[in-house]
file run17.pdb (PDB, C-alpha atoms and all ligand atoms)
ATOM      1  CA  MET A 572      55.045 169.981  49.409
ATOM      2  CA  LYS A 573      57.484 172.345  51.131
ATOM      3  CA  ALA A 574      60.136 169.819  50.085
ATOM      4  CA  LEU A 575      59.152 170.479  46.459
ATOM      5  CA  ALA A 576      59.565 174.218  46.954
ATOM      6  CA  ARG A 577      63.000 173.751  48.587
ATOM      7  CA  ALA A 578      64.133 171.297  45.901
ATOM      8  CA  ALA A 579      63.173 173.754  43.169
ATOM      9  CA  ARG A 580      65.864 176.146  44.455
ATOM     10  CA  ALA A 581      68.632 173.521  44.676
ATOM     11  CA  VAL A 582      70.486 174.484  41.502
ATOM     12  CA  LYS A 583      69.997 178.200  42.204
ATOM     13  CA  ARG A 584      71.944 177.685  45.430
ATOM     14  CA  VAL A 585      74.796 176.119  43.458
ATOM     15  CA  LEU A 586      74.689 178.810  40.768
ATOM     16  CA  ALA A 587      74.621 181.558  43.385
ATOM     17  CA  LYS A 588      78.419 181.344  43.347
ATOM     18  CA  GLU A 589      78.319 182.513  39.713
ATOM     19  CA  LEU A 590      75.829 185.300  40.321
ATOM     20  CA  PHE A 591      76.662 188.589  41.969
ATOM     21  CA  GLU A 592      75.207 188.944  45.427
ATOM     22  CA  HIS A 593      77.995 190.691  47.307
ATOM     23  CA  GLY A 594      81.755 191.199  47.171
ATOM     24  CA  ASP A 595      84.096 192.897  44.723
ATOM     25  CA  TRP A 596      82.133 193.410  41.508
ATOM     26  CA  ALA A 597      85.261 194.508  39.591
ATOM     27  CA  GLN A 598      86.900 191.089  40.202
ATOM     28  CA  ARG A 599      83.704 189.328  39.206
ATOM     29  CA  THR A 600      83.722 190.963  35.777
ATOM     30  CA  GLU A 601      87.208 189.830  34.727
ATOM     31  CA  THR A 602      87.275 188.704  31.113
ATOM     32  CA  GLY A 603      88.233 185.278  29.826
ATOM     33  CA  GLY A 604      91.569 186.609  28.578
ATOM     34  CA  SER A 605      90.497 187.330  24.990
ATOM     35  CA  GLU A 606      90.934 190.806  23.623
ATOM     36  CA  PRO A 607      87.802 192.568  22.289
ATOM     37  CA  ARG A 608      87.765 192.204  18.513
ATOM     38  CA  GLN A 609      87.366 195.220  16.221
ATOM     39  CA  GLU A 610      84.357 193.653  14.485
ATOM     40  CA  GLN A 611      82.539 193.583  17.841
ATOM     41  CA  LEU A 612      83.551 197.148  18.684
ATOM     42  CA  ASP A 613      82.158 198.256  15.321
ATOM     43  CA  ASN A 614      78.950 196.251  15.255
ATOM     44  CA  PRO A 615      76.549 196.725  18.174
ATOM     45  CA  ALA A 616      73.601 195.401  16.130
ATOM     46  CA  ALA A 617      75.367 192.080  15.487
ATOM     47  CA  ASN A 618      76.436 191.887  19.150
ATOM     48  CA  SER A 619      72.810 192.411  20.219
ATOM     49  CA  ALA A 620      71.608 189.693  17.859
ATOM     50  CA  LEU A 621      74.254 187.310  19.218
ATOM     51  CA  VAL A 622      73.322 188.092  22.820
ATOM     52  CA  GLU A 623      69.594 187.595  22.163
ATOM     53  CA  GLN A 624      70.219 184.316  20.321
ATOM     54  CA  ALA A 625      72.463 183.026  23.092
ATOM     55  CA  ALA A 626      69.996 184.038  25.828
ATOM     56  CA  ALA A 627      67.234 182.133  24.007
ATOM     57  CA  ALA A 628      69.506 179.095  23.770
ATOM     58  CA  PHE A 629      70.186 179.334  27.509
ATOM     59  CA  GLY A 630      66.423 179.336  28.209
ATOM     60  CA  ALA A 631      65.249 182.970  28.210
ATOM     61  CA  ALA A 632      61.692 183.424  26.947
ATOM     62  CA  ARG A 633      62.425 187.018  25.963
ATOM     63  CA  THR A 634      65.461 189.295  26.027
ATOM     64  CA  GLY A 635      65.706 193.070  25.863
ATOM     65  CA  ILE A 636      68.614 195.506  25.928
ATOM     66  CA  CYS A 637      68.808 199.037  27.326
ATOM     67  CA  ARG A 638      71.345 201.641  28.286
ATOM     68  CA  LEU A 639      71.941 201.312  32.008
ATOM     69  CA  ASP A 640      70.210 204.180  33.804
ATOM     70  CA  PRO A 641      72.223 204.704  37.036
ATOM     71  CA  LEU A 642      68.943 205.725  38.711
ATOM     72  CA  TRP A 643      68.004 202.021  38.892
ATOM     73  CA  LEU A 644      71.284 200.833  40.456
ATOM     74  CA  TYR A 645      71.500 200.042  44.157
ATOM     75  CA  SER A 646      73.977 202.251  46.007
ATOM     76  CA  CYS A 647      75.589 199.240  47.746
ATOM     77  CA  ASP A 648      75.439 195.455  47.941
ATOM     78  CA  SER A 649      74.081 193.421  50.856
ATOM     79  CA  GLU A 650      77.381 193.865  52.738
ATOM     80  CA  GLY A 651      77.549 197.621  52.246
ATOM     81  CA  HIS A 652      80.148 197.692  49.417
ATOM     82  CA  SER A 653      79.556 200.605  47.059
ATOM     83  CA  LEU A 654      78.179 199.789  43.604
ATOM     84  CA  ASP A 655      78.692 203.330  42.272
ATOM     85  CA  ASP A 656      81.306 202.263  39.698
ATOM     86  CA  LEU A 657      78.873 199.876  38.021
ATOM     87  CA  ALA A 658      77.941 202.779  35.768
ATOM     88  CA  GLU A 659      81.183 201.853  33.921
ATOM     89  CA  LEU A 660      79.124 199.035  32.396
ATOM     90  CA  PRO A 661      76.804 201.038  30.134
ATOM     91  CA  TRP A 662      74.459 198.255  28.951
ATOM     92  CA  ALA A 663      71.905 196.005  30.624
ATOM     93  CA  VAL A 664      70.780 192.773  28.971
ATOM     94  CA  VAL A 665      67.516 191.845  30.677
ATOM     95  CA  MET A 666      66.019 188.366  30.324
ATOM     96  CA  LEU A 667      62.620 186.936  31.231
ATOM     97  CA  VAL A 668      62.065 183.318  32.149
ATOM     98  CA  GLU A 669      58.546 181.988  32.145
ATOM     99  CA  MET A 670      57.053 180.449  35.276
ATOM    100  CA  HIS A 671      54.605 177.532  35.202
ATOM    101  CA  ALA A 672      51.228 179.323  35.236
ATOM    102  CA  ALA A 673      49.176 176.329  36.450
ATOM    103  CA  ALA A 674      51.462 175.926  39.463
ATOM    104  CA  ILE A 675      51.375 179.678  40.161
ATOM    105  CA  ARG A 676      47.570 179.470  40.282
ATOM    106  CA  GLU A 677      47.912 177.180  43.326
ATOM    107  CA  SER A 678      49.194 180.188  45.376
ATOM    108  CA  PRO A 679      49.556 180.480  48.332
ATOM    109  CA  ARG A 680      50.269 176.718  48.384
ATOM    110  CA  ALA A 681      53.800 175.345  48.036
ATOM    111  CA  GLU A 682      53.291 174.392  44.357
ATOM    112  CA  ALA A 683      53.394 178.105  43.516
ATOM    113  CA  GLU A 684      56.555 178.561  45.561
ATOM    114  CA  ALA A 685      58.129 175.678  43.644
ATOM    115  CA  ALA A 686      57.256 177.418  40.361
ATOM    116  CA  THR A 687      58.908 180.584  41.699
ATOM    117  CA  GLY A 688      62.009 178.623  42.748
ATOM    118  CA  LEU A 689      62.245 176.992  39.337
ATOM    119  CA  GLY A 690      61.917 180.427  37.724
ATOM    120  CA  TYR A 691      64.866 181.684  39.769
ATOM    121  CA  MET A 692      66.817 178.546  38.888
ATOM    122  CA  LYS A 693      66.232 179.003  35.156
ATOM    123  CA  GLY A 694      67.104 182.704  35.489
ATOM    124  CA  SER A 695      70.357 181.781  37.243
ATOM    125  CA  VAL A 696      71.293 179.524  34.325
ATOM    126  CA  CYS A 697      70.488 182.201  31.721
ATOM    127  CA  ALA A 698      72.282 185.048  33.473
ATOM    128  CA  SER A 699      75.403 183.149  34.515
ATOM    129  CA  ALA A 700      75.815 181.525  31.080
ATOM    130  CA  LEU A 701      75.310 184.801  29.206
ATOM    131  CA  GLY A 702      77.744 186.623  31.520
ATOM    132  CA  ALA A 703      80.335 183.898  30.867
ATOM    133  CA  LEU A 704      79.820 184.155  27.098
ATOM    134  CA  ILE A 705      80.364 187.916  27.078
ATOM    135  CA  ARG A 706      83.510 187.604  29.213
ATOM    136  CA  GLU A 707      84.799 184.968  26.752
ATOM    137  CA  LEU A 708      84.387 187.609  24.028
ATOM    138  CA  GLY A 709      86.782 189.854  25.966
ATOM    139  CA  TYR A 710      84.280 192.230  27.564
ATOM    140  CA  ARG A 711      83.308 192.774  31.158
ATOM    141  CA  ALA A 712      79.987 191.339  32.290
ATOM    142  CA  ILE A 713      78.332 190.716  35.617
ATOM    143  CA  ALA A 714      75.268 188.499  36.036
ATOM    144  CA  THR A 715      72.552 188.604  38.669
ATOM    145  CA  ASP A 716      68.845 188.095  39.211
ATOM    146  CA  ASN A 717      67.551 190.523  41.835
ATOM    147  CA  GLY A 718      70.976 191.986  42.694
ATOM    148  CA  LEU A 719      72.779 195.157  41.545
ATOM    149  CA  GLY A 720      69.667 197.175  40.735
ATOM    150  CA  LEU A 721      65.913 197.264  40.258
ATOM    151  CA  SER A 722      64.919 194.613  37.716
ATOM    152  CA  ILE A 723      61.448 195.909  36.850
ATOM    153  CA  PRO A 724      62.365 199.390  35.571
ATOM    154  CA  LEU A 725      65.373 197.885  33.797
ATOM    155  CA  ALA A 726      63.075 195.362  32.083
ATOM    156  CA  ALA A 727      60.683 198.182  31.139
ATOM    157  CA  ASP A 728      63.589 200.233  29.716
ATOM    158  CA  ALA A 729      64.624 197.139  27.740
ATOM    159  CA  GLY A 730      61.185 197.029  26.084
ATOM    160  CA  LEU A 731      60.013 193.887  27.859
ATOM    161  CA  GLY A 732      56.773 195.265  29.336
ATOM    162  CA  GLU A 733      55.441 197.750  31.892
ATOM    163  CA  MET A 734      54.917 197.818  35.633
ATOM    164  CA  GLY A 735      51.376 196.898  36.699
ATOM    165  CA  ARG A 736      49.265 197.766  39.716
ATOM    166  CA  ASN A 737      50.757 194.763  41.542
ATOM    167  CA  GLY A 738      54.220 196.331  41.275
ATOM    168  CA  MET A 739      55.418 193.622  38.893
ATOM    169  CA  LEU A 740      56.511 193.607  35.283
ATOM    170  CA  ILE A 741      53.595 192.779  32.974
ATOM    171  CA  ALA A 742      55.123 191.303  29.827
ATOM    172  CA  PRO A 743      53.309 190.665  26.526
ATOM    173  CA  ASN A 744      52.250 186.981  26.323
ATOM    174  CA  PHE A 745      53.409 186.178  29.865
ATOM    175  CA  GLY A 746      51.875 188.889  32.034
ATOM    176  CA  PRO A 747      53.487 188.942  35.496
ATOM    177  CA  CYS A 748      54.184 185.171  35.330
ATOM    178  CA  VAL A 749      57.928 185.662  34.767
ATOM    179  CA  ARG A 750      61.180 185.974  36.685
ATOM    180  CA  ILE A 751      63.719 188.581  35.612
ATOM    181  CA  CYS A 752      67.482 188.225  35.437
ATOM    182  CA  LYS A 753      70.105 190.515  33.968
ATOM    183  CA  VAL A 754      73.687 190.986  32.834
ATOM    184  CA  LEU A 755      75.454 194.358  32.951
ATOM    185  CA  THR A 756      78.242 194.738  30.414
ATOM    186  CA  ASP A 757      80.496 197.006  28.372
ATOM    187  CA  LEU A 758      80.004 194.952  25.186
ATOM    188  CA  PRO A 759      78.761 197.507  22.624
ATOM    189  CA  LEU A 760      75.051 196.844  22.100
ATOM    190  CA  GLN A 761      71.971 198.341  20.512
ATOM    191  CA  PRO A 762      68.853 199.141  22.574
ATOM    192  CA  SER A 763      65.598 197.233  22.022
ATOM    193  CA  GLN A 764      62.366 198.875  20.882
ATOM    194  CA  PRO A 765      60.015 200.117  23.654
ATOM    195  CA  SER A 766      57.057 197.964  24.733
ATOM    196  CA  LYS A 767      53.530 198.875  23.606
ATOM    197  CA  ALA A 768      51.759 196.819  26.247
ATOM    198  CA  ALA A 769      49.290 199.563  27.465
ATOM    199  CA  VAL A 770      49.323 198.054  30.941
ATOM    200  CA  GLU A 771      48.481 201.235  32.841
ATOM    201  CA  ASP A 772      45.123 201.609  31.062
ATOM    202  CA  ALA A 773      44.281 197.954  31.750
ATOM    203  CA  CYS A 774      45.139 198.354  35.455
ATOM    204  CA  ARG A 775      42.900 201.435  35.758
ATOM    205  CA  LYS A 776      39.924 199.207  34.850
ATOM    206  CA  CYS A 777      40.989 196.187  36.904
ATOM    207  CA  SER A 778      41.821 195.641  40.569
ATOM    208  CA  LYS A 779      41.904 191.845  40.710
ATOM    209  CA  CYS A 780      45.375 191.727  42.262
ATOM    210  CA  ALA A 781      44.381 194.238  44.973
ATOM    211  CA  ASP A 782      41.110 192.393  45.633
ATOM    212  CA  THR A 783      42.992 189.078  45.958
ATOM    213  CA  CYS A 784      45.868 190.159  48.207
ATOM    214  CA  PRO A 785      45.304 188.606  51.646
ATOM    215  CA  VAL A 786      46.910 191.542  53.491
ATOM    216  CA  GLY A 787      45.719 194.521  51.442
ATOM    217  CA  ALA A 788      49.244 195.328  50.265
ATOM    218  CA  ILE A 789      48.172 196.552  46.807
ATOM    219  CA  ASP A 790      46.597 199.964  46.199
ATOM    220  CA  ALA A 791      43.026 199.550  44.880
ATOM    221  CA  ARG A 792      42.429 203.191  43.920
ATOM    222  CA  PRO A 793      41.591 203.795  40.257
ATOM    223  CA  GLU A 794      44.480 206.156  39.489
ATOM    224  CA  PRO A 795      48.224 205.752  40.110
ATOM    225  CA  SER A 796      49.789 208.345  42.408
ATOM    226  CA  PHE A 797      53.083 209.648  43.765
ATOM    227  CA  ASP A 798      52.116 208.411  47.262
ATOM    228  CA  THR A 799      54.481 206.209  49.256
ATOM    229  CA  VAL A 800      53.063 203.726  51.755
ATOM    230  CA  CYS A 801      56.193 202.126  53.243
ATOM    231  CA  GLU A 802      59.947 202.643  53.414
ATOM    232  CA  SER A 803      60.495 200.375  50.377
ATOM    233  CA  ASN A 804      58.707 202.821  48.039
ATOM    234  CA  ASN A 805      60.986 205.305  46.275
ATOM    235  CA  PRO A 806      59.549 208.826  46.217
ATOM    236  CA  GLY A 807      58.825 210.660  42.969
ATOM    237  CA  VAL A 808      57.476 207.667  41.026
ATOM    238  CA  LEU A 809      53.965 207.659  39.533
ATOM    239  CA  ARG A 810      52.542 204.157  40.146
ATOM    240  CA  TRP A 811      50.210 202.197  42.388
ATOM    241  CA  PRO A 812      52.301 201.823  45.561
ATOM    242  CA  VAL A 813      52.674 198.316  47.027
ATOM    243  CA  HIS A 814      53.155 197.938  50.782
ATOM    244  CA  ALA A 815      56.173 195.624  50.607
ATOM    245  CA  GLN A 816      56.358 195.096  54.379
ATOM    246  CA  LYS A 817      52.756 193.868  54.514
ATOM    247  CA  CYS A 818      53.504 191.546  51.591
ATOM    248  CA  LEU A 819      56.635 190.187  53.288
ATOM    249  CA  SER A 820      54.739 189.660  56.540
ATOM    250  CA  PHE A 821      52.306 187.422  54.661
ATOM    251  CA  TRP A 822      55.181 185.482  53.095
ATOM    252  CA  ARG A 823      56.510 184.796  56.617
ATOM    253  CA  GLN A 824      53.062 183.859  57.889
ATOM    254  CA  ASN A 825      52.643 181.561  54.867
ATOM    255  CA  GLY A 826      55.971 179.850  55.582
ATOM    256  CA  GLY A 827      57.367 180.707  52.162
ATOM    257  CA  SER A 828      56.290 183.089  49.458
ATOM    258  CA  CYS A 829      53.042 184.093  47.743
ATOM    259  CA  SER A 830      52.086 184.543  44.092
ATOM    260  CA  SER A 831      48.369 185.255  44.468
ATOM    261  CA  CYS A 832      48.595 188.640  42.719
ATOM    262  CA  ILE A 833      50.269 186.920  39.740
ATOM    263  CA  ALA A 834      47.638 184.178  39.716
ATOM    264  CA  ALA A 835      44.782 186.708  39.766
ATOM    265  CA  CYS A 836      46.084 188.872  36.928
ATOM    266  CA  PRO A 837      44.194 188.498  33.637
ATOM    267  CA  PHE A 838      47.527 188.899  31.784
ATOM    268  CA  THR A 839      48.798 185.628  33.309
ATOM    269  CA  PRO A 840      48.417 182.906  30.630
ATOM    270  CA  GLU A 841      45.758 180.207  31.028
TER     271      GLU A 841
HETATM  272  S1  LIG A 901      52.601 188.416  46.791
HETATM  273 FE1  LIG A 901      50.724 187.898  47.967
HETATM  274  S2  LIG A 901      50.898 189.161  49.820
HETATM  275 FE2  LIG A 901      52.339 190.019  48.358
HETATM  276  S3  LIG A 901      51.244 191.663  47.277
HETATM  277 FE3  LIG A 901      50.967 189.786  46.056
HETATM  278  S4  LIG A 901      49.049 188.870  46.792
HETATM  279 FE4  LIG A 901      49.720 190.369  48.352
HETATM  280  S1  LIG A 902      45.401 192.043  38.184
HETATM  281 FE1  LIG A 902      44.518 193.731  36.980
HETATM  282  S2  LIG A 902      45.126 195.580  38.101
HETATM  283 FE2  LIG A 902      46.445 193.927  38.844
HETATM  284  S3  LIG A 902      48.302 194.038  37.590
HETATM  285 FE3  LIG A 902      46.909 192.568  36.571
HETATM  286  S4  LIG A 902      45.732 193.830  35.100
HETATM  287 FE4  LIG A 902      46.718 195.251  36.539
END
call {"tool": "encode", "arguments": {"input": "run17.pdb", "output": "C-alpha cells", "more": "lines below"}}
Ligand code: SF4
Ligand code: SF4
result
Amino acid sequence: MKALARAARAVKRVLAKELFEHGDWAQRTETGGSEPRQEQLDNPAANSALVEQAAAAFGAARTGICRLDPLWLYSCDSEGHSLDDLAELPWAVVMLVEMHAAAIRESPRAEAEAATGLGYMKGSVCASALGALIRELGYRAIATDNGLGLSIPLAADAGLGEMGRNGMLIAPNFGPCVRICKVLTDLPLQPSQPSKAAVEDACRKCSKCADTCPVGAIDARPEPSFDTVCESNNPGVLRWPVHAQKCLSFWRQNGGSCSSCIAACPFTPE
C-alpha cells in the first residue's frame, strides 16, 4: 500500500514546477501580458466572486479571501532567499480541498497517507490554475500549498474556520479533513466574512486528538496557553501547543505520515 501513497503524489510532483517552493518569487509572478482592466480595478466584489467561482471549478471545496497579514509570511524560502517583498501582494486567496474521510480513518496505515497525497495533488491543481487565471487578467499572483507562509492562520483570517487543539484548521462541514492551498495576489479583492465555528469551546470539552496521538504530541490540558513546547512553536500565541518534532518523529517511524488526530476529531465527517 506504500505504492498507493506514492502514486497519490505523482501529479503533485509534476505540478510542483508551477507552485512556489523556492527561487525568485518576483519572476514567478509575471503576468500573462494583459494589462489590468479598469473594471477590475474598480470592482473588488466582482473580482472576488470570479475568483471564488473559478476556484470551485478547479476543485476547491471552499474559498476565502483575506488581506495578507505579513505576520504569517515566512522570512525566507527553503534556500534562504528573502520573502520580505511578498507584502507587495496584499491579498491571500485561501482554498480548502476535501480529503477522503474514510481513507483518513485508516491512519496510520498507508491508505490515509494516500488520501493526504491526493489532497495535496488536488490543492496543487487549484492553486496553480487560479494563479494562472489571475496572471492572465494582468495581475501578479503566486501559488503554493504549504510555502510562503502559515496556511492555518491565513485560512482563519479568510473565514474558513479556526485552529483546533490538534493545531489544524477546523472548517465547517469538513473539520480538519482538508488540505489548504493559497494564492497571493495584487488583484483587488474583497475580504470574506469571519468564521463562526466556535472551535475553541468544543476543544475545551474534548481531547480525542490528544488521547489518540501515539507520541503525546498534542496538549491535553483543558485550557489553551501561551506555552511553547518545541522550537516550531511561535511565542505569543494563545493555543494548545503541538510538539511538532515528536509528531515528525512518529511520521518517520511510521515510514510516511500520520492522520490519526484528524481521524479522531468529531468534526471530521462520517
Ligand atoms: S499527526 Fe499523528 S503523530 Fe502527529 S500530532 Fe497527529 S496523531 Fe500525533
Ligand atoms: S479532536 Fe476534539 S479537541 Fe481535538 S481538535 Fe477535534 S474537537 Fe478539538
call {"tool": "resolve_selection", "arguments": {"input": "run17.pdb", "expression": "the PyMOL selection byres (((not hetatm)) within 10 of (chain A and resi 901))", "output": "ChimeraX atom specification"}}
result
/A:678-679,736-739,779-790,813-825,828-835
call {"tool": "resolve_selection", "arguments": {"input": "run17.pdb", "expression": "the PyMOL selection byres (((chain A and resi 692) around 9) and not hetatm)", "output": "ChimeraX atom specification"}}
result
/A:579-584,586,687-691,693-697
call {"tool": "write_last_selection", "arguments": {"input": "run17.pdb", "atoms": "C-alpha atoms", "output": "mmCIF file, in the coordinates of the input"}}
result
data_model
loop_
_atom_site.group_PDB
_atom_site.id
_atom_site.type_symbol
_atom_site.label_atom_id
_atom_site.label_comp_id
_atom_site.auth_asym_id
_atom_site.auth_seq_id
_atom_site.Cartn_x
_atom_site.Cartn_y
_atom_site.Cartn_z
ATOM 1 C CA ALA A 579 63.173 173.754 43.169
ATOM 2 C CA ARG A 580 65.864 176.146 44.455
ATOM 3 C CA ALA A 581 68.632 173.521 44.676
ATOM 4 C CA VAL A 582 70.486 174.484 41.502
ATOM 5 C CA LYS A 583 69.997 178.200 42.204
ATOM 6 C CA ARG A 584 71.944 177.685 45.430
ATOM 7 C CA LEU A 586 74.689 178.810 40.768
ATOM 8 C CA THR A 687 58.908 180.584 41.699
ATOM 9 C CA GLY A 688 62.009 178.623 42.748
ATOM 10 C CA LEU A 689 62.245 176.992 39.337
ATOM 11 C CA GLY A 690 61.917 180.427 37.724
ATOM 12 C CA TYR A 691 64.866 181.684 39.769
ATOM 13 C CA LYS A 693 66.232 179.003 35.156
ATOM 14 C CA GLY A 694 67.104 182.704 35.489
ATOM 15 C CA SER A 695 70.357 181.781 37.243
ATOM 16 C CA VAL A 696 71.293 179.524 34.325
ATOM 17 C CA CYS A 697 70.488 182.201 31.721
#
call {"tool": "residues_near_point", "arguments": {"input": "run17.pdb", "point": "(71.6, 193.4, 23.3)", "cutoff": "6 Å", "atoms": "all atoms listed in the file", "output": "list in words"}}
result
Ser619, Val622, Ile636, Val664, Leu760 and Gln761 of chain A
call {"tool": "resolve_selection", "arguments": {"input": "run17.pdb", "expression": "the PyMOL selection byres (((chain A and resi 767) around 10) and not hetatm)", "output": "list in words"}}
result
Gly730, Leu731, Gly732, Glu733, Ala742, Pro743, Gln764, Pro765, Ser766, Ala768, Ala769 and Val770 of chain A
call {"tool": "atom_distance", "arguments": {"input": "run17.pdb", "atom1": "atom CA of Ile723 of chain A", "atom2": "atom CA of Gly702 of chain A"}}
result
19.5 Å
call {"tool": "atom_distance", "arguments": {"input": "run17.pdb", "atom1": "atom CA of Pro795 of chain A", "atom2": "atom CA of Phe745 of chain A"}}
result
22.7 Å
call {"tool": "atom_distance", "arguments": {"input": "run17.pdb", "atom1": "atom CA of Leu721 of chain A", "atom2": "atom CA of Leu657 of chain A"}}
result
13.4 Å
call {"tool": "residues_around", "arguments": {"input": "run17.pdb", "residues": "Gly720 of chain A", "least_positions_apart": "3", "cutoff": "12 Å", "atoms": "all atoms listed in the file", "output": "MDAnalysis selection string"}}
result
chainID A and resid 591:592 639:649 654:655 657:658 663 665 713:717 723:726 751:755
call {"tool": "write_last_selection", "arguments": {"input": "run17.pdb", "atoms": "C-alpha atoms", "output": "JSON list (two decimals), in the coordinates of the input"}}
result
[["chain", "number", "residue", "atom", "x", "y", "z"],
["A", 591, "PHE", "CA", 76.66, 188.59, 41.97],
["A", 592, "GLU", "CA", 75.21, 188.94, 45.43],
["A", 639, "LEU", "CA", 71.94, 201.31, 32.01],
["A", 640, "ASP", "CA", 70.21, 204.18, 33.80],
["A", 641, "PRO", "CA", 72.22, 204.70, 37.04],
["A", 642, "LEU", "CA", 68.94, 205.72, 38.71],
["A", 643, "TRP", "CA", 68.00, 202.02, 38.89],
["A", 644, "LEU", "CA", 71.28, 200.83, 40.46],
["A", 645, "TYR", "CA", 71.50, 200.04, 44.16],
["A", 646, "SER", "CA", 73.98, 202.25, 46.01],
["A", 647, "CYS", "CA", 75.59, 199.24, 47.75],
["A", 648, "ASP", "CA", 75.44, 195.46, 47.94],
["A", 649, "SER", "CA", 74.08, 193.42, 50.86],
["A", 654, "LEU", "CA", 78.18, 199.79, 43.60],
["A", 655, "ASP", "CA", 78.69, 203.33, 42.27],
["A", 657, "LEU", "CA", 78.87, 199.88, 38.02],
["A", 658, "ALA", "CA", 77.94, 202.78, 35.77],
["A", 663, "ALA", "CA", 71.90, 196.00, 30.62],
["A", 665, "VAL", "CA", 67.52, 191.84, 30.68],
["A", 713, "ILE", "CA", 78.33, 190.72, 35.62],
["A", 714, "ALA", "CA", 75.27, 188.50, 36.04],
["A", 715, "THR", "CA", 72.55, 188.60, 38.67],
["A", 716, "ASP", "CA", 68.84, 188.10, 39.21],
["A", 717, "ASN", "CA", 67.55, 190.52, 41.84],
["A", 723, "ILE", "CA", 61.45, 195.91, 36.85],
["A", 724, "PRO", "CA", 62.36, 199.39, 35.57],
["A", 725, "LEU", "CA", 65.37, 197.88, 33.80],
["A", 726, "ALA", "CA", 63.08, 195.36, 32.08],
["A", 751, "ILE", "CA", 63.72, 188.58, 35.61],
["A", 752, "CYS", "CA", 67.48, 188.22, 35.44],
["A", 753, "LYS", "CA", 70.10, 190.52, 33.97],
["A", 754, "VAL", "CA", 73.69, 190.99, 32.83],
["A", 755, "LEU", "CA", 75.45, 194.36, 32.95]]
call {"tool": "closest_residue", "arguments": {"input": "run17.pdb", "among": "A:Arg711, A:Arg792, A:Arg810, A:Arg775", "to": "ligand LIG 902 (chain A)", "atoms": "all atoms listed in the file"}}
result
A:Arg775
call {"tool": "axis_aligned_box", "arguments": {"input": "run17.pdb", "around": "ligand LIG 902 (chain A)", "padding_each_side": "3 Å", "output": "JSON"}}
result
{"center_x": 46.4, "center_y": 193.8, "center_z": 37.0, "size_x": 9.8, "size_y": 9.5, "size_z": 9.7}
call {"tool": "closest_residue", "arguments": {"input": "run17.pdb", "among": "A:Glu623, A:Asp728, A:Glu794, A:Glu669", "to": "Leu704 of chain A", "atoms": "all atoms listed in the file"}}
result
A:Glu623
call {"tool": "residues_around", "arguments": {"input": "run17.pdb", "residues": "Ala672 of chain A", "least_positions_apart": "5", "cutoff": "8 Å", "atoms": "only C-alpha atoms", "output": "VMD selection string"}}
result
chain A and resid 748 834 839 to 841
call {"tool": "write_last_selection", "arguments": {"input": "run17.pdb", "atoms": "C-alpha atoms", "output": "PDB file, keeping the file's coordinate frame"}}
result
ATOM      1  CA  CYS A 748      54.184 185.171  35.330  1.00  0.00           C
ATOM      2  CA  ALA A 834      47.638 184.178  39.716  1.00  0.00           C
ATOM      3  CA  THR A 839      48.798 185.628  33.309  1.00  0.00           C
ATOM      4  CA  PRO A 840      48.417 182.906  30.630  1.00  0.00           C
ATOM      5  CA  GLU A 841      45.758 180.207  31.028  1.00  0.00           C
TER       6      GLU A 841
END
call {"tool": "closest_residue", "arguments": {"input": "run17.pdb", "among": "A:Gly718, A:Pro806, A:Gly735, A:Gly635", "to": "ligand LIG 902 (chain A)", "atoms": "all atoms listed in the file"}}
result
A:Gly735
call {"tool": "closest_residue", "arguments": {"input": "run17.pdb", "among": "A:Gly630, A:Gly709, A:Pro812, A:Pro747", "to": "ligand LIG 902 (chain A)", "atoms": "all atoms listed in the file"}}
result
A:Pro747
call {"tool": "closest_residue", "arguments": {"input": "run17.pdb", "among": "A:Ala681, A:Ala627, A:Ala632, A:Ala712", "to": "Pro759 of chain A", "atoms": "only C-alpha atoms"}}
result
A:Ala712
call {"tool": "closest_residue", "arguments": {"input": "run17.pdb", "among": "A:Leu758, A:Ala576, A:Ala617, A:Ala703", "to": "Trp662 of chain A", "atoms": "all atoms listed in the file"}}
result
A:Leu758
call {"tool": "residues_near_point", "arguments": {"input": "run17.pdb", "point": "(53.0, 208.6, 46.5)", "cutoff": "10 Å", "atoms": "only C-alpha atoms", "output": "PDB file with C-alpha atoms, keeping the file's coordinate frame"}}
result
ATOM      1  CA  PRO A 795      48.224 205.752  40.110  1.00  0.00           C
ATOM      2  CA  SER A 796      49.789 208.345  42.408  1.00  0.00           C
ATOM      3  CA  PHE A 797      53.083 209.648  43.765  1.00  0.00           C
ATOM      4  CA  ASP A 798      52.116 208.411  47.262  1.00  0.00           C
ATOM      5  CA  THR A 799      54.481 206.209  49.256  1.00  0.00           C
ATOM      6  CA  VAL A 800      53.063 203.726  51.755  1.00  0.00           C
ATOM      7  CA  CYS A 801      56.193 202.126  53.243  1.00  0.00           C
ATOM      8  CA  ASN A 804      58.707 202.821  48.039  1.00  0.00           C
ATOM      9  CA  ASN A 805      60.986 205.305  46.275  1.00  0.00           C
ATOM     10  CA  PRO A 806      59.549 208.826  46.217  1.00  0.00           C
ATOM     11  CA  GLY A 807      58.825 210.660  42.969  1.00  0.00           C
ATOM     12  CA  VAL A 808      57.476 207.667  41.026  1.00  0.00           C
ATOM     13  CA  LEU A 809      53.965 207.659  39.533  1.00  0.00           C
ATOM     14  CA  ARG A 810      52.542 204.157  40.146  1.00  0.00           C
ATOM     15  CA  TRP A 811      50.210 202.197  42.388  1.00  0.00           C
ATOM     16  CA  PRO A 812      52.301 201.823  45.561  1.00  0.00           C
TER      17      PRO A 812
END
